[in-house]
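Peer 1: To be precise about what I am sending: the file is called start-v7.cif and holds mmCIF, C-alpha atoms.
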data_upload
loop_
_atom_site.label_atom_id
_atom_site.label_comp_id
_atom_site.auth_asym_id
_atom_site.auth_seq_id
_atom_site.Cartn_x
_atom_site.Cartn_y
_atom_site.Cartn_z
CA MET A 258 -43.63 43.27 -10.88
CA SER A 259 -46.08 41.49 -8.59
CA THR A 260 -46.57 43.04 -5.17
CA TYR A 261 -45.79 40.86 -2.15
CA GLN A 262 -46.24 41.19 1.57
CA SER A 263 -46.04 38.80 4.50
CA GLY A 264 -46.47 39.18 8.21
CA PHE A 265 -48.11 38.04 11.41
CA ALA A 266 -51.61 39.08 12.43
CA GLU A 267 -52.97 38.81 15.96
CA ILE A 268 -56.19 36.89 15.33
CA ASN A 269 -58.42 35.64 18.12
CA GLY A 270 -55.50 35.29 20.52
CA ALA A 271 -53.10 33.57 18.10
CA THR A 272 -50.31 34.95 15.92
CA ILE A 273 -51.21 33.99 12.37
CA PHE A 274 -48.64 33.96 9.58
CA TYR A 275 -49.93 35.16 6.21
CA GLU A 276 -48.67 36.06 2.74
CA VAL A 277 -50.27 38.18 0.03
CA LYS A 278 -49.04 38.39 -3.56
CA GLY A 279 -50.38 39.96 -6.75
CA GLU A 280 -53.15 42.40 -7.54
CA GLY A 281 -56.78 42.16 -8.57
CA ARG A 282 -59.63 40.07 -7.21
CA PRO A 283 -58.73 38.49 -3.84
CA VAL A 284 -58.35 34.70 -3.75
CA LEU A 285 -57.89 32.93 -0.40
CA LEU A 286 -56.15 29.52 -0.33
CA LEU A 287 -57.15 27.16 2.51
CA HIS A 288 -54.76 24.28 3.17
CA GLY A 289 -55.24 20.69 4.32
CA TYR A 290 -54.50 19.40 7.81
CA PRO A 291 -52.08 18.84 9.45
CA LEU A 292 -50.27 20.66 6.67
CA ASP A 293 -49.61 24.37 6.14
CA SER A 294 -49.66 26.99 3.41
CA ARG A 295 -46.53 25.61 1.71
CA MET A 296 -48.75 23.03 0.02
CA TRP A 297 -49.97 25.93 -2.17
CA ASP A 298 -46.52 27.01 -3.44
CA ASP A 299 -47.31 26.25 -7.10
CA GLN A 300 -50.71 27.94 -6.89
CA PHE A 301 -49.48 30.96 -4.92
CA GLU A 302 -46.94 31.84 -7.62
CA GLU A 303 -49.16 31.11 -10.61
CA PHE A 304 -52.38 32.72 -9.35
CA SER A 305 -50.53 35.88 -8.29
CA LYS A 306 -50.02 36.64 -12.00
CA TYR A 307 -53.76 37.30 -12.24
CA TYR A 308 -55.16 37.88 -8.74
CA GLN A 309 -54.38 39.08 -5.25
CA VAL A 310 -53.62 35.72 -3.65
CA ILE A 311 -53.75 35.24 0.11
CA ARG A 312 -52.56 32.21 2.04
CA PHE A 313 -52.01 31.63 5.73
CA ASP A 314 -51.04 28.93 8.22
CA TYR A 315 -53.87 27.81 10.46
CA ALA A 316 -53.23 28.30 14.17
CA GLY A 317 -50.89 25.56 15.37
CA CYS A 318 -49.56 24.91 11.86
CA GLY A 319 -46.54 26.20 9.98
CA LYS A 320 -45.33 29.54 11.33
CA SER A 321 -48.55 30.39 13.22
CA SER A 322 -48.85 30.05 16.98
CA HIS A 323 -51.49 27.85 18.59
CA HIS A 324 -54.67 28.94 20.34
CA ASP A 325 -54.93 28.72 24.12
CA GLU A 326 -58.62 29.65 24.00
CA ASP A 327 -61.35 27.80 22.12
CA PHE A 328 -61.39 28.89 18.48
CA SER A 329 -63.08 28.59 15.11
CA LEU A 330 -61.13 28.31 11.86
CA VAL A 331 -64.01 30.08 10.10
CA GLU A 332 -63.66 33.05 12.44
CA ASP A 333 -59.88 33.02 12.10
CA ALA A 334 -60.19 33.20 8.31
CA LYS A 335 -62.84 35.93 8.48
CA ASN A 336 -60.84 38.06 10.89
CA LEU A 337 -57.67 37.69 8.82
CA LEU A 338 -59.55 38.96 5.77
CA LEU A 339 -60.88 41.91 7.77
CA TYR A 340 -57.34 42.58 9.05
CA LEU A 341 -56.17 42.70 5.44
CA GLY A 342 -59.06 44.94 4.40
CA VAL A 343 -60.67 42.31 2.15
CA ALA A 344 -64.47 42.44 2.08
CA LYS A 345 -65.16 39.80 -0.57
CA VAL A 346 -63.08 36.85 -1.75
CA ASP A 347 -62.91 33.73 -3.88
CA LEU A 348 -62.15 30.63 -1.81
CA VAL A 349 -59.98 27.68 -2.87
CA GLY A 350 -59.78 24.85 -0.33
CA LEU A 351 -58.42 21.31 -0.44
CA SER A 352 -59.34 18.45 1.92
CA VAL A 353 -60.04 20.00 5.35
CA GLY A 354 -59.56 23.32 3.58
CA GLY A 355 -62.45 22.41 1.27
CA ASN A 356 -64.73 21.79 4.24
CA LEU A 357 -63.54 25.05 5.82
CA ALA A 358 -64.28 26.91 2.57
CA MET A 359 -67.83 25.54 2.56
CA ASP A 360 -68.36 26.38 6.25
CA PHE A 361 -67.11 29.91 5.60
CA THR A 362 -69.45 30.30 2.62
CA ILE A 363 -72.42 29.04 4.65
CA ALA A 364 -71.62 31.39 7.56
CA TYR A 365 -70.68 34.47 5.50
CA PRO A 366 -72.16 34.15 1.99
CA GLU A 367 -71.92 37.91 1.49
CA MET A 368 -68.11 37.64 1.70
CA VAL A 369 -67.73 34.96 -1.01
CA ASP A 370 -67.85 35.42 -4.78
CA LYS A 371 -66.80 31.96 -5.96
CA LEU A 372 -66.06 28.67 -4.22
CA ILE A 373 -63.62 25.97 -5.32
CA VAL A 374 -63.24 22.77 -3.32
CA ALA A 375 -60.79 19.97 -4.14
CA SER A 376 -60.54 16.47 -2.61
CA SER A 377 -62.90 17.95 -0.07
CA GLY A 378 -63.73 16.48 3.29
CA LEU A 379 -67.29 16.78 4.57
CA LEU A 380 -68.15 17.11 8.25
CA GLY A 381 -70.95 14.67 8.98
CA TRP A 382 -69.94 12.13 6.32
CA THR A 383 -69.88 8.64 7.85
CA ASP A 384 -69.95 6.30 4.85
CA TYR A 385 -66.25 5.43 5.03
CA SER A 386 -64.71 3.01 2.54
CA THR A 387 -62.95 -0.14 3.68
CA GLU A 388 -59.64 1.38 2.56
CA ARG A 389 -60.22 4.48 4.68
CA GLN A 390 -61.28 2.47 7.72
CA ASN A 391 -58.15 0.30 7.47
CA TYR A 392 -55.94 3.36 7.11
CA ASN A 393 -57.55 5.13 10.08
CA LYS A 394 -56.95 2.12 12.31
CA GLU A 395 -53.36 1.67 11.18
CA VAL A 396 -52.36 5.32 11.55
CA ASN A 397 -54.06 5.62 14.95
CA ASP A 398 -52.18 2.54 16.16
CA LEU A 399 -48.89 4.10 15.08
CA PHE A 400 -49.65 7.36 16.90
CA GLN A 401 -50.59 5.46 20.05
CA LYS A 402 -47.24 3.65 19.87
CA GLU A 403 -45.58 7.04 19.26
CA SER A 404 -44.07 5.65 16.06
CA LEU A 405 -44.06 9.07 14.42
CA GLU A 406 -41.64 8.25 11.62
CA GLU A 407 -43.74 5.27 10.55
CA ALA A 408 -46.91 7.35 10.86
CA VAL A 409 -45.50 10.05 8.57
CA GLU A 410 -44.45 7.39 6.06
CA LEU A 411 -47.94 5.86 6.09
CA MET A 412 -49.61 9.26 5.74
CA CYS A 413 -47.41 10.12 2.76
CA LYS A 414 -48.36 6.83 1.15
CA ALA A 415 -52.07 7.27 1.89
CA TRP A 416 -52.54 10.91 0.93
CA VAL A 417 -49.96 11.53 -1.81
CA ALA A 418 -49.82 8.17 -3.60
CA GLY A 419 -53.28 7.07 -2.52
CA PRO A 420 -54.40 3.61 -1.42
CA PHE A 421 -54.04 2.09 -4.89
CA ARG A 422 -50.52 3.17 -5.91
CA SER A 423 -47.00 2.66 -4.66
CA ILE A 424 -45.20 5.65 -3.22
CA ASP A 425 -42.43 4.89 -5.74
CA GLU A 426 -44.77 6.08 -8.50
CA ILE A 427 -44.78 9.63 -7.10
CA ASN A 428 -42.27 12.41 -7.71
CA PRO A 429 -39.87 12.19 -4.70
CA ALA A 430 -39.85 15.99 -4.36
CA ILE A 431 -43.60 15.98 -3.62
CA ILE A 432 -43.17 13.24 -1.00
CA GLU A 433 -40.29 15.13 0.60
CA LYS A 434 -42.27 18.36 0.79
CA TYR A 435 -45.38 16.67 2.15
CA ALA A 436 -43.35 14.77 4.75
CA ALA A 437 -41.63 17.97 5.88
CA MET A 438 -44.97 19.67 6.49
CA LEU A 439 -46.34 16.66 8.34
CA SER A 440 -43.27 16.16 10.51
CA GLY A 441 -43.12 19.81 11.49
CA ASN A 442 -46.79 20.10 12.36
CA ILE A 443 -47.55 16.83 14.16
CA THR A 444 -44.58 17.22 16.50
CA ARG A 445 -45.54 20.74 17.61
CA GLU A 446 -46.81 21.48 21.09
CA ASN A 447 -50.60 21.80 21.06
CA GLY A 448 -52.37 24.77 22.56
CA THR A 449 -55.06 24.38 25.22
CA GLY A 450 -57.76 25.84 22.98
CA LYS A 451 -60.27 23.46 21.39
CA MET A 452 -61.56 23.85 17.87
CA ILE A 453 -65.19 24.99 17.75
CA LEU A 454 -67.12 23.30 14.95
CA PRO A 455 -70.37 24.65 13.45
CA GLU A 456 -73.49 23.67 15.38
CA LYS A 457 -74.89 21.90 12.31
CA LYS A 458 -72.65 19.58 10.34
CA THR A 459 -71.56 20.78 6.91
CA LEU A 460 -73.29 17.81 5.26
CA GLU A 461 -76.67 19.14 6.43
CA LEU A 462 -76.07 22.67 5.11
CA VAL A 463 -74.28 22.40 1.76
CA GLY A 464 -77.60 22.78 -0.04
CA ASP A 465 -77.65 26.37 1.21
CA ILE A 466 -74.58 27.28 -0.84
CA SER A 467 -75.64 29.48 -3.75
CA VAL A 468 -72.37 31.00 -5.00
CA PRO A 469 -70.79 29.62 -8.21
CA THR A 470 -68.99 26.44 -7.15
CA LEU A 471 -66.35 24.25 -8.77
CA ILE A 472 -65.76 20.78 -7.31
CA LEU A 473 -62.44 19.14 -8.25
CA SER A 474 -62.32 15.41 -7.62
CA PRO A 475 -59.43 12.93 -7.65
CA ASP A 476 -59.85 9.51 -9.25
CA ILE A 477 -57.32 7.34 -7.40
CA ASP A 478 -57.80 8.69 -3.88
CA PHE A 479 -59.77 6.90 -1.16
CA PRO A 480 -63.18 6.20 -2.75
CA ASP A 481 -64.77 8.40 -0.09
CA PHE A 482 -63.65 11.58 -1.82
CA SER A 483 -65.19 10.73 -5.18
CA ALA A 484 -68.44 9.94 -3.34
CA ILE A 485 -68.27 13.24 -1.41
CA SER A 486 -67.64 15.14 -4.65
CA GLU A 487 -70.71 13.55 -6.24
CA PHE A 488 -72.79 14.36 -3.15
CA LEU A 489 -71.68 18.00 -3.18
CA HIS A 490 -72.40 18.29 -6.90
CA GLU A 491 -75.92 16.98 -6.32
CA LYS A 492 -76.61 19.28 -3.36
CA ILE A 493 -75.04 22.56 -4.54
CA THR A 494 -77.29 23.99 -7.24
CA GLY A 495 -75.44 24.87 -10.44
CA SER A 496 -72.12 23.47 -9.26
CA GLN A 497 -69.58 22.08 -11.73
CA LEU A 498 -67.79 18.78 -11.04
CA VAL A 499 -64.48 18.01 -12.76
CA VAL A 500 -62.35 14.91 -12.20
CA ILE A 501 -58.60 15.38 -12.59
CA PRO A 502 -57.41 12.00 -13.93
CA GLY A 503 -54.41 10.27 -12.40
CA THR A 504 -54.55 12.11 -9.08
CA ALA A 505 -54.83 11.09 -5.46
CA HIS A 506 -55.65 13.44 -2.59
CA MET A 507 -52.97 16.11 -3.12
CA MET A 508 -54.01 16.86 -6.69
CA ASN A 509 -52.72 20.44 -6.60
CA MET A 510 -49.19 19.23 -5.83
CA GLU A 511 -49.31 16.21 -8.11
CA LYS A 512 -50.72 17.93 -11.22
CA PRO A 513 -50.35 21.67 -10.64
CA LEU A 514 -50.65 22.65 -14.32
CA GLU A 515 -54.02 20.96 -14.74
CA PHE A 516 -55.25 22.13 -11.33
CA ASN A 517 -54.20 25.73 -11.91
CA GLN A 518 -55.75 25.93 -15.36
CA LEU A 519 -59.12 24.65 -14.11
CA VAL A 520 -59.14 27.17 -11.27
CA VAL A 521 -58.11 30.13 -13.44
CA ASP A 522 -60.63 29.24 -16.13
CA PHE A 523 -63.40 29.03 -13.53
CA LEU A 524 -62.50 32.31 -11.85
CA ASN A 525 -62.16 34.15 -15.15
CA ARG A 526 -65.61 33.25 -16.44
CA THR A 527 -67.22 36.18 -14.64
CA LEU A 528 -64.87 38.93 -13.56
CA ILE A 529 -67.64 41.40 -12.68
CA ARG A 530 -68.03 41.34 -8.93
CA SER A 531 -71.46 41.69 -7.36
#
For this file, write the structure as structure tokens.
Peer 2:
Amino acid sequence: MSTYQSGFAEINGATIFYEVKGEGRPVLLLHGYPLDSRMWDDQFEEFSKYYQVIRFDYAGCGKSSHHDEDFSLVEDAKNLLLYLGVAKVDLVGLSVGGNLAMDFTIAYPEMVDKLIVASSGLLGWTDYSTERQNYNKEVNDLFQKESLEEAVELMCKAWVAGPFRSIDEINPAIIEKYAAMLSGNITRENGTGKMILPEKKTLELVGDISVPTLILSPDIDFPDFSAISEFLHEKITGSQLVVIPGTAHMMNMEKPLEFNQLVVDFLNRTLIRS
């Protein structure tokens, strides 16, 4: 029977909710924003059959408290791993979580065995598609009008269905789960702490990543994410790029079987840790 523990860790002045399940090589799941660790439900259960899987809610998301002092998500992740006694880990990050995984790897390469990024954002990327620019304007207008229900609806359409599909084409259970995470997180009271970003943008430093890297790309997301995936593949020496067909941004929720198999296959290629 797989071991399981959950709890709250005092990390950099915030109370961070975490869960750990399974045994073996540690794998840390880094969620998108403004979501929380529930987006990894399918992966948390499946991966725990083979590995020690760790997931947590970023400060201000899910069950974690917010920061009232300036903070770094990289440092939060590092200090959680140290709290759990984990010295080296495989990272799996999606969207903002993908960028966080890369920033962590750049800052602490000695703590990372393998890196997997999916639908990854990229700090410093400015070549936004027309579809993304239109979405950004529309969602910002809705937030300014405090039309939160409409904003959540638009975000579900944009990030789960993607800009080129109707939301009616998506499993309603996925939409419901995504909307619940959004609604809970965007209506929370914000802390007074500001997020500290790396001094150099991720885009400038990805060429420094030398750990084995898998890049998972959607094909019906905003075009930006296919372009970012290609850029990362070019810059990260020896990286592997795989497109999961028929997926928008939340590929792990939309096609968990395909996503999980690609991740497990990649992690299992070399089980000897350095």
Peer 1: For the file shown, report as a list in words the outcome of the PyMOL selection byres ((chain A and resi 274) around 9) at residue level.
Peer 2: Ser263, Gly264, Phe265, Ala266, Thr272, Ile273, Tyr275, Glu276, Arg312, Phe313, Asp314, Tyr315, Ala316, Gly319, Lys320, Ser321 and Ser322 of chain A
Peer 1: Given the selection you just returned, output its residues as a file containing C-alpha atoms, formatted as a short mmCIF file (atom, residue, chain, number, x, y, z; two decimals), in the frame of the given file.
Peer 2:
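So the final result, stored in result.cif, reads:
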data_model
loop_
_atom_site.label_atom_id
_atom_site.label_comp_id
_atom_site.auth_asym_id
_atom_site.auth_seq_id
_atom_site.Cartn_x
_atom_site.Cartn_y
_atom_site.Cartn_z
CA SER A 263 -46.04 38.80 4.50
CA GLY A 264 -46.47 39.18 8.21
CA PHE A 265 -48.11 38.04 11.41
CA ALA A 266 -51.61 39.08 12.43
CA THR A 272 -50.31 34.95 15.92
CA ILE A 273 -51.21 33.99 12.37
CA TYR A 275 -49.93 35.16 6.21
CA GLU A 276 -48.67 36.06 2.74
CA ARG A 312 -52.56 32.21 2.04
CA PHE A 313 -52.01 31.63 5.73
CA ASP A 314 -51.04 28.93 8.22
CA TYR A 315 -53.87 27.81 10.46
CA ALA A 316 -53.23 28.30 14.17
CA GLY A 319 -46.54 26.20 9.98
CA LYS A 320 -45.33 29.54 11.33
CA SER A 321 -48.55 30.39 13.22
CA SER A 322 -48.85 30.05 16.98
#
Peer 1: Smallest atom-to-atom distance to Val468 of chain A: which of A:Leu357, A:Val396, A:Ala418, A:Leu348, using all atoms listed in the file?
Peer 2: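 Closest to Val468 of chain A, using all atoms listed in the file: A:Leu348.
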Peer 1: Could you tell me, as a PyMOL selection string, exactly which residues end up selected when the PyMOL selection byres ((chain A and resi 389-394) around 9) is applied to this structure?
Peer 2: chain A and resi 385-388+395-399+411-412+415+420+479-481
Peer 1: Show which residues sit within 9 Å of Lys278 of chain A, as a PyMOL selection string. Count all atoms listed in the file, and ignore same-chain residues fewer than 4 positions away.
Peer 2: chain A and resi 259-263+301-302+304-306+308-311
Peer 1: Based on the selection just made, write C-alpha atoms of those residues as a PDB file, keeping the file's coordinate frame.
Peer 2:
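Below is the file out25.pdb, written as the result:
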ATOM      1  CA  SER A 259     -46.080  41.490  -8.590  1.00  0.00           C
ATOM      2  CA  THR A 260     -46.570  43.040  -5.170  1.00  0.00           C
ATOM      3  CA  TYR A 261     -45.790  40.860  -2.150  1.00  0.00           C
ATOM      4  CA  GLN A 262     -46.240  41.190   1.570  1.00  0.00           C
ATOM      5  CA  SER A 263     -46.040  38.800   4.500  1.00  0.00           C
ATOM      6  CA  PHE A 301     -49.480  30.960  -4.920  1.00  0.00           C
ATOM      7  CA  GLU A 302     -46.940  31.840  -7.620  1.00  0.00           C
ATOM      8  CA  PHE A 304     -52.380  32.720  -9.350  1.00  0.00           C
ATOM      9  CA  SER A 305     -50.530  35.880  -8.290  1.00  0.00           C
ATOM     10  CA  LYS A 306     -50.020  36.640 -12.000  1.00  0.00           C
ATOM     11  CA  TYR A 308     -55.160  37.880  -8.740  1.00  0.00           C
ATOM     12  CA  GLN A 309     -54.380  39.080  -5.250  1.00  0.00           C
ATOM     13  CA  VAL A 310     -53.620  35.720  -3.650  1.00  0.00           C
ATOM     14  CA  ILE A 311     -53.750  35.240   0.110  1.00  0.00           C
TER      15      ILE A 311
END
Peer 1: Residues picked by the PyMOL selection byres ((chain A and resi 370) around 6) here, as a list of chain:residue names?
Peer 2: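 Taken over the shown coordinates, the PyMOL selection byres ((chain A and resi 370) around 6) returns A:Val346, A:Asp347, A:Val369, A:Lys371.
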